[in-house]
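query.cif, holding mmCIF, C-alpha atoms:
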data_work
loop_
_atom_site.group_PDB
_atom_site.id
_atom_site.type_symbol
_atom_site.label_atom_id
_atom_site.label_comp_id
_atom_site.auth_asym_id
_atom_site.auth_seq_id
_atom_site.Cartn_x
_atom_site.Cartn_y
_atom_site.Cartn_z
ATOM 1 C CA MET A 138 2.984 39.193 4.669
ATOM 2 C CA ASN A 139 -0.709 39.537 4.393
ATOM 3 C CA LYS A 140 -3.231 38.829 7.136
ATOM 4 C CA SER A 141 -4.024 35.225 6.041
ATOM 5 C CA ALA A 142 -0.333 34.256 6.181
ATOM 6 C CA TRP A 143 -0.109 35.592 9.751
ATOM 7 C CA VAL A 144 -3.251 33.700 10.758
ATOM 8 C CA LEU A 145 -1.867 30.483 9.225
ATOM 9 C CA LEU A 146 1.506 30.967 10.944
ATOM 10 C CA GLY A 147 -0.215 31.624 14.291
ATOM 11 C CA THR A 148 -2.377 28.518 13.914
ATOM 12 C CA VAL A 149 0.625 26.330 13.092
ATOM 13 C CA MET A 150 2.566 27.711 16.063
ATOM 14 C CA ALA A 151 -0.389 27.107 18.422
ATOM 15 C CA VAL A 152 -0.726 23.484 17.274
ATOM 16 C CA VAL A 153 3.021 22.883 17.648
ATOM 17 C CA LEU A 154 3.069 24.359 21.152
ATOM 18 C CA LEU A 155 0.014 22.376 22.263
ATOM 19 C CA GLU A 156 1.485 19.104 20.962
ATOM 20 C CA ALA A 157 4.799 19.784 22.693
ATOM 21 C CA ALA A 158 3.035 20.498 25.990
ATOM 22 C CA LYS A 159 1.020 17.251 26.017
ATOM 23 C CA LYS A 160 1.746 14.905 28.853
ATOM 24 C CA ARG A 161 3.076 11.681 27.361
ATOM 25 C CA ALA A 162 2.231 8.570 29.349
ATOM 26 C CA VAL A 163 5.286 6.377 29.852
ATOM 27 C CA CYS A 164 5.135 2.906 31.350
ATOM 28 C CA ALA A 165 7.895 0.402 32.099
ATOM 29 C CA ILE A 166 8.547 -3.321 32.260
ATOM 30 C CA ALA A 167 11.361 -4.533 34.525
ATOM 31 C CA GLY A 168 12.765 -7.755 35.888
ATOM 32 C CA GLU A 169 15.822 -9.576 37.166
ATOM 33 C CA VAL A 170 17.047 -12.869 35.661
ATOM 34 C CA HIS A 171 18.972 -15.604 37.491
ATOM 35 C CA PRO A 172 21.392 -17.204 36.955
ATOM 36 C CA VAL A 173 22.984 -14.256 35.178
ATOM 37 C CA LYS A 174 25.363 -16.565 33.255
ATOM 38 C CA ALA A 175 22.335 -18.043 31.459
ATOM 39 C CA PHE A 176 20.777 -14.665 30.534
ATOM 40 C CA ARG A 177 21.525 -13.989 26.858
ATOM 41 C CA LYS A 178 18.967 -11.327 25.904
ATOM 42 C CA ALA A 179 15.486 -9.986 26.634
ATOM 43 C CA TRP A 180 13.025 -9.099 23.885
ATOM 44 C CA LEU A 181 9.959 -6.850 23.980
ATOM 45 C CA ILE A 182 7.067 -8.260 21.923
ATOM 46 C CA GLN A 183 4.048 -6.339 20.651
ATOM 47 C CA ASN A 184 1.743 -7.385 17.812
ATOM 48 C CA GLY A 185 4.325 -9.823 16.441
ATOM 49 C CA ASP A 186 7.112 -7.213 16.402
ATOM 50 C CA THR A 187 10.171 -7.653 18.606
ATOM 51 C CA LEU A 188 12.623 -5.150 20.016
ATOM 52 C CA PRO A 189 15.776 -5.972 21.999
ATOM 53 C CA VAL A 190 15.782 -4.792 25.609
ATOM 54 C CA LYS A 191 18.955 -3.342 27.075
ATOM 55 C CA ARG A 192 20.136 -5.287 30.089
ATOM 56 C CA MET A 193 22.278 -4.210 33.018
ATOM 57 C CA GLY A 194 23.850 -7.343 34.431
ATOM 58 C CA SER A 195 20.994 -9.546 35.563
ATOM 59 C CA LYS A 196 18.419 -6.721 35.389
ATOM 60 C CA PHE A 197 16.463 -5.229 32.511
ATOM 61 C CA LYS A 198 14.032 -2.346 32.186
ATOM 62 C CA ILE A 199 12.331 -0.830 29.171
ATOM 63 C CA SER A 200 10.081 2.223 28.888
ATOM 64 C CA VAL A 201 7.028 1.813 26.662
ATOM 65 C CA ARG A 202 3.695 3.439 25.897
ATOM 66 C CA PRO A 203 0.534 2.098 27.516
ATOM 67 C CA GLY A 204 -0.643 -1.116 25.857
ATOM 68 C CA GLU A 205 -0.265 -4.889 25.913
ATOM 69 C CA TYR A 206 3.193 -6.445 25.622
ATOM 70 C CA GLY A 207 5.129 -9.646 26.013
ATOM 71 C CA ILE A 208 8.691 -10.285 27.153
ATOM 72 C CA ARG A 209 10.877 -13.150 25.959
ATOM 73 C CA ILE A 210 13.942 -14.096 27.983
ATOM 74 C CA ASP A 211 16.489 -15.752 25.704
ATOM 75 C CA ALA A 212 18.546 -18.232 27.746
ATOM 76 C CA ILE A 213 21.853 -19.944 27.015
ATOM 77 C CA ALA A 214 21.572 -23.766 26.815
ATOM 78 C CA PRO A 215 21.009 -25.905 28.822
ATOM 79 C CA PHE A 216 18.686 -23.283 30.393
ATOM 80 C CA LYS A 217 15.235 -22.790 28.873
ATOM 81 C CA ASP A 218 13.787 -19.577 27.437
ATOM 82 C CA GLN A 219 10.849 -17.972 29.244
ATOM 83 C CA VAL A 220 8.003 -15.970 27.757
ATOM 84 C CA PHE A 221 5.670 -13.597 29.600
ATOM 85 C CA GLN A 222 2.533 -12.675 27.672
ATOM 86 C CA GLN A 223 -0.349 -10.262 28.110
ATOM 87 C CA ILE A 224 1.477 -7.693 30.213
ATOM 88 C CA LYS A 225 -1.126 -4.910 30.209
ATOM 89 C CA LEU A 226 0.074 -1.429 31.089
ATOM 90 C CA THR A 227 -1.951 1.719 31.662
ATOM 91 C CA ASP A 228 -0.840 5.305 32.257
ATOM 92 C CA GLU A 229 2.542 5.560 33.985
ATOM 93 C CA GLN A 230 2.363 2.002 35.344
ATOM 94 C CA THR A 231 5.458 -0.149 35.920
ATOM 95 C CA SER A 232 5.144 -3.908 35.653
ATOM 96 C CA ASP A 233 7.899 -5.569 37.664
ATOM 97 C CA LEU A 234 8.242 -9.221 36.679
ATOM 98 C CA GLY A 235 10.361 -9.721 39.784
ATOM 99 C CA GLU A 236 13.050 -12.382 39.997
ATOM 100 C CA ILE A 237 12.959 -14.711 37.002
ATOM 101 C CA ILE A 238 14.670 -18.049 37.655
ATOM 102 C CA LEU A 239 15.727 -19.852 34.472
ATOM 103 C CA ALA A 240 15.297 -23.619 34.698
ATOM 104 C CA GLU A 241 17.576 -26.193 33.114
#
Could you spell out this file's structure in structure tokens?
Amino acid sequence: MNKSAWVLLGTVMAVVLLEAAKKRAVCAIAGEVHPVKAFRKAWLIQNGDTLPVKRMGSKFKISVRPGEYGIRIDAIAPFKDQVFQQIKLTDEQTSDLGEIILAE
């Protein structure tokens, strides 16, 4: 290999190593839904896109990047769905929605 190939390879390796070493900010949204029998699913909402949130019994928690999100709690009838909007998260912040009581 000639000198320019070594310089290019070294530059690529330096960029890859620097990107891998970056600290990635991770935030979280959590909550607990009652009654658990009425809790069908939780959805993460951002810019009109939705993503299902894994639940553990009556609790849910999802890790996200900093930004603004919404959470939709999908309830089983006769209970009513609940929507939380404008959840703003900054670096490594956790937003705990606390105990969410679904109303009939």
What residues come out when you apply the PyMOL selection byres ((chain A and resi 212-223) around 9) to this file, written as a list in words?
Lys174, Ala175, Phe176, Arg177, Lys178, Ala179, Ile182, Glu205, Tyr206, Gly207, Ile208, Arg209, Ile210, Asp211, Ile224, Lys225, Leu234, Ile237, Leu239, Ala240 and Glu241 of chain A
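Distance-wise, atom CA of A:Ile199 and atom CA of A:Cys164 end up 8.4 Å apart.
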Using all atoms listed in the file, determine which residues lie at most 7 Å from A:Val170, disregarding the query and same-chain residues fewer than 3 positions distant; provide the list as a ChimeraX atom specification.
/A:173,176,195-196,236-238
Residues returned when the PyMOL selection byres ((chain A and resi 161) around 12) runs on this file, as a ChimeraX atom specification
/A:156-160,162-164,200-203,227-229
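Note that the spacing between atom CA of A:Val190 and atom CA of A:Glu169 amounts to 12.5 Å.
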Grab the atom CA of A:Ser232 to atom CA of A:Ala165 distance for me, in Å with one decimal place.
6.2 Å
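Using only C-alpha atoms, the smallest distance between any of A:Val144, A:Val152, A:Gly204, A:Gln230 and A:Asn184 comes from A:Gly204.
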Extending 4 Å beyond the listed atoms of stretch 150-166 of chain A on each side, what axis-aligned box results? I want centre and edge lengths in Å to one decimal, as AutoDock Vina command-line options.
--center_x 3.9 --center_y 12.2 --center_z 24.2 --size_x 17.3 --size_y 39.0 --size_z 24.2
Written record: stretch 144-163 of chain A, N, CA and C atoms, as an mmCIF file, in the first residue's frame:
data_model
loop_
_atom_site.group_PDB
_atom_site.id
_atom_site.type_symbol
_atom_site.label_atom_id
_atom_site.label_comp_id
_atom_site.auth_asym_id
_atom_site.auth_seq_id
_atom_site.Cartn_x
_atom_site.Cartn_y
_atom_site.Cartn_z
ATOM 1 N N VAL A 144 -2.908 6.701 5.012
ATOM 2 C CA VAL A 144 -3.498 7.902 5.608
ATOM 3 C C VAL A 144 -5.031 7.783 5.614
ATOM 4 N N LEU A 145 -5.594 7.323 4.498
ATOM 5 C CA LEU A 145 -7.049 7.143 4.411
ATOM 6 C C LEU A 145 -7.522 6.101 5.425
ATOM 7 N N LEU A 146 -6.824 4.983 5.522
ATOM 8 C CA LEU A 146 -7.195 3.938 6.478
ATOM 9 C C LEU A 146 -7.107 4.459 7.916
ATOM 10 N N GLY A 147 -6.064 5.220 8.226
ATOM 11 C CA GLY A 147 -5.920 5.789 9.567
ATOM 12 C C GLY A 147 -7.025 6.779 9.890
ATOM 13 N N THR A 148 -7.410 7.589 8.912
ATOM 14 C CA THR A 148 -8.490 8.555 9.105
ATOM 15 C C THR A 148 -9.815 7.851 9.358
ATOM 16 N N VAL A 149 -10.104 6.832 8.572
ATOM 17 C CA VAL A 149 -11.344 6.065 8.746
ATOM 18 C C VAL A 149 -11.372 5.410 10.123
ATOM 19 N N MET A 150 -10.268 4.820 10.534
ATOM 20 C CA MET A 150 -10.206 4.167 11.845
ATOM 21 C C MET A 150 -10.397 5.188 12.979
ATOM 22 N N ALA A 151 -9.812 6.373 12.849
ATOM 23 C CA ALA A 151 -9.960 7.403 13.877
ATOM 24 C C ALA A 151 -11.422 7.845 13.994
ATOM 25 N N VAL A 152 -12.086 8.036 12.868
ATOM 26 C CA VAL A 152 -13.495 8.441 12.887
ATOM 27 C C VAL A 152 -14.354 7.354 13.522
ATOM 28 N N VAL A 153 -14.107 6.098 13.152
ATOM 29 C CA VAL A 153 -14.881 4.988 13.718
ATOM 30 C C VAL A 153 -14.688 4.905 15.232
ATOM 31 N N LEU A 154 -13.461 5.017 15.684
ATOM 32 C CA LEU A 154 -13.190 4.955 17.123
ATOM 33 C C LEU A 154 -13.805 6.124 17.882
ATOM 34 N N LEU A 155 -13.755 7.316 17.321
ATOM 35 C CA LEU A 155 -14.357 8.477 17.977
ATOM 36 C C LEU A 155 -15.880 8.352 18.057
ATOM 37 N N GLU A 156 -16.509 7.869 17.013
ATOM 38 C CA GLU A 156 -17.962 7.669 17.024
ATOM 39 C C GLU A 156 -18.363 6.612 18.047
ATOM 40 N N ALA A 157 -17.594 5.549 18.139
ATOM 41 C CA ALA A 157 -17.904 4.478 19.086
ATOM 42 C C ALA A 157 -17.730 4.941 20.535
ATOM 43 N N ALA A 158 -16.844 5.896 20.762
ATOM 44 C CA ALA A 158 -16.569 6.354 22.117
ATOM 45 C C ALA A 158 -17.515 7.457 22.589
ATOM 46 N N LYS A 159 -18.358 7.983 21.697
ATOM 47 C CA LYS A 159 -19.277 9.049 22.080
ATOM 48 C C LYS A 159 -20.239 8.579 23.154
ATOM 49 N N LYS A 160 -20.518 9.462 24.068
ATOM 50 C CA LYS A 160 -21.504 9.166 25.097
ATOM 51 C C LYS A 160 -22.882 9.389 24.482
ATOM 52 N N ARG A 161 -23.699 8.376 24.484
ATOM 53 C CA ARG A 161 -25.046 8.464 23.935
ATOM 54 C C ARG A 161 -26.029 8.749 25.062
ATOM 55 N N ALA A 162 -26.748 9.831 24.950
ATOM 56 C CA ALA A 162 -27.732 10.192 25.970
ATOM 57 C C ALA A 162 -28.946 9.279 25.834
ATOM 58 N N VAL A 163 -29.343 8.662 26.917
ATOM 59 C CA VAL A 163 -30.503 7.784 26.932
ATOM 60 C C VAL A 163 -31.450 8.264 28.020
#
